[in-house]
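Worksheet for the structure shown next.
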Amino acid sequence: MKRILIGLIALAVLAAGGWIGFDLYARHRATAEIEAVFDRIRSQGGKASHGKVAFDVTSRTLTIEDIAVDPAGQPQARVKIAGIKGVGVRQADETRFAADSIEISGFEVALDEVGPGKLKTSYKVPQMIVRDYAGPVHAQNAPASGSLIDLYRFVLDQYASVTASSIAAPTLIVAFDAGKGAAGSGEVVYSGLAIQKLGKGKVDAMKADRAAFTINVEQAGKADKLTGEMSDIIINEFDSTAIAAALDPQKASDDSYHRVYGQMSSGTYVATSTQGMRIQVDGIAIADIAVRPSKFRPAEILALLPTDRYVQPTPAQSREMMEKLAGLYDGLRVGKIEIGTMSVTTPQGTPRLRAIRYQEGEFALEGLDAPTPQGQVKMERFALKSLSLANLMRWAASLTTPGQAPSPDQMLGLFQVLEGAEIKGVVSPYKNTRQLVTIDTISLNWGQLVGSIPSKANLVVKMVAPTDPANPTQLPLTMAGIDKLAINLDLGAAWTESTGALALAPATIDLGNLARAQLRLALANVPRGVFTADAVQALSQAGQIEAGAIELSLRDSGVVDLVVAQFSRMQNVSRDAARGAIVEMIRAQGEKIAAANLDAKAAVDALAGFVETSGQTLTIKLTPLGKVPVLQLMDVLNSEPIVALAQFRIEASTGL
């Protein structure tokens with residue numbers, strides 16, 4: 001029995017000795033591995049130091065204290081970490097290690113004078129916990145070039161090599177200093193940061209409960225301080241590899257889209273200025289953000305930024321920058337943007353906007369309610385159709401020639417930026433009166449550009465405007481007791497290149513309480529060359545244009561009675577006498593016209609009958625008897641209108 005006991009004691013001593021040996025070996029190896037990483041940084045010219053390193057074999061817990069790193073080639077970068085504690089640390093394979101959890105405390109990164117803008121930035125994370133971590137044993141060598149783009153690519157490559165089930169940080173503090181001016185300096189504090197399922201550069205979801213900011217700026221020589229916060233920030237389906245592709249020179253020919261974000265959203269956003277302005281937005285949602293590496297090349301933009309931010313760029317440099325920005329927008333796709341109710345409080349009042357929306361190229365403002373000195377202005381919707389930010393930048397770049405006014409062709413380049421605009425539901429005070437201008441719809445669309453000029457357009461206007469007693473041209477209306485004028489306009493024109501036909505059909509204007517007129521006009525042999533901003537070229541080409549059929553329809557809703565009443569006041573006679581006198585004048589003038597053109601007599605009789613009986617519709621149709629050049633017709637109309645009419649067959653009629 002004694003021998004057995006002695007044997008067990010001996011075995012225990014040997015086991016204990018073996019365990020202690022293994023423990024010492026494990027600790028030594030952990031320390032050696034850590035020191036090897038720091039030696040690599042130092043061998044590349046950087047500075048790296050750390051405090052105590054400990055490894056508990058039982059729980060496989062690795063702790064490192066007081067880490068400080070200044071990478072070589074990045075003299076502006078400094079990294080400090082108070083402590084790292086990894087639990088369940090193990091080597092997954094020859095190149096990667098894993099940990100059940102990693103706790104990081106006192107993490108700080110400082111970047112001094114980053115990029116041409118010389119921006120100073122720092123990031124502080126007091127505490128961060130990473131769950132189910134896996135990553136490379138040895139980090140890649142940091143770029144030696146000092147390029148901001150190379151640094152970004154390096155960070156993204158490291159990010160793509162890491163996996164984790166979750167990352168949580170109660171607080172992230174971002175401070176920046178861009179010097180004096182509009183950019184200013186400040187701090188953003190994020191609270192409740194969390195990342196779910198990180199792997200291969202992709203993240204399922206990221207969120208922050210709150211982001212509070214303080215920014216000190218200078219506006220027009222006056223110091224200002226902006227404070228505010230944004231709540232419930234959520235990002236779903238983030239893919240950093242798409243950004244990496246856009247930064248990779250080897251992907252410059254990649255013309256496919258890579259999605260960066262699936263959805264981004266936030267809750268309420270509030271910002272307050274010490275100068276008395278307060279902005280509040282009730283929510284923001286953005287979906288489907290993607291980049292195309294062949295076009296989205298931020299490195300080219302950074303290369304054009306001046307090294308000295310206080311030196312103003314030359315006009316040529318500004319144009320080049322705007323052209324590059326246009327290319328950048330060509331490579332960016334945003335599926336949808338929605339911004340909720342927005343209010344801006346100023347000493348002059350608080351305008352509100354119900355929503356800002358962008359989808360499939362349409363940009364819209366909805367539900368405007370704003371104060372003006374004359375009263376409240378309301379607008380249900382304003383929209384720009386098929387808006388191209390890339391073309392907008394190119395158009396703006398074409399206008400930047402100092403000391404030289406934009407040419408007509410440059411101004412017409414706006415038609416290439418978008419394809420239409422629309423305003424709906426406007427109620428606005430009219431001057432300093434108590435009357436209102438109401439706009440149901442104003443819609444303008446165009447297309448089929450020939451150069452910079454549309455060959456197809458449509459204008460729709462539906463509105464009611466008050467008459468102005470102070471305007472002499474509207475005096476007959478106000479004297480007749482008409483205080484509002486309802487306008488309903490529908491004007492459409494289109495050119496067909498294969499036939500050379502240009503049709504204005506129909507052009508309709510409805511003055512609700514006066515008359516409704518409809519015009520159909522056709523032109524033939526319209527050459528492509530007439531669509532130009534060069535007036536000389538357009539005029540030379542216009543000589544080929546020939547007149548087609550013309551049809552005018554006029555429905556009387558009160559205009560005849562208005563003319564009769566005005567004539568009655570001017571002649572100081574009764575309205576019946578005034579109406580009879582007008583009819584006689586029409587017939588007398590018609591006799592002279594009919595002597596030169598028998599067809600004109602039917603038109604004169606129809607016009608006389610139109611005035612004689614209120615509430616009728618007058619229809620006149622002109623059909624050319626042969627080829628009638630438009631320019632010659634216009635010259636003849638100015639000097640001998642009767643001769644001009646003789647070139648057409650005239651048909652006229654009236655009816656109730």
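Starting from 1 in every chain, residues are counted up; chains themselves are A, B, ... following the order of the structure tokens, and ligands are numbered from 1 as listed.
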Exercise for the section: Please provide the set of residues having any atom within 9 Å of Ile582 of chain A, restricted to only C-alpha atoms, with same-chain residues fewer than 6 positions apart removed, written as number ranges by chain. Expected result: A: 564, 567, 608, 611-612
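Those residues that approach Ile545 of chain A to within 8 Å, counting only C-alpha atoms, are Leu523, Ala524, Asn525, Val526, Pro527, Gln541, Ala542, Pro629, Val630 and Leu631 of chain A; same-chain residues fewer than 3 positions away are not listed.
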Exercise for the section: Taking the DSSP assignment computed from this structure's backbone, write out as number ranges by chain all residues of segment 250-422 of chain A that belong to strand (DSSP E). Expected result: A: 258-266, 269-273, 278-281, 284-291, 332-339, 342-345, 352-359, 362-372, 375-385, 420-422
Practice task
Quote the spacing between atom CA of Asn432 of chain A and atom CA of Ala470 of chain A in Å to one decimal place.
Solution key: 12.3 Å
Exercise for the section: Pick out the residues sitting within 8 Å of Val260 of chain A, and hand them over as a PyMOL selection string; count only C-alpha atoms, and ignore anything fewer than 6 positions along from it in its own chain. Expected result: chain A and resi 237-243+288-291
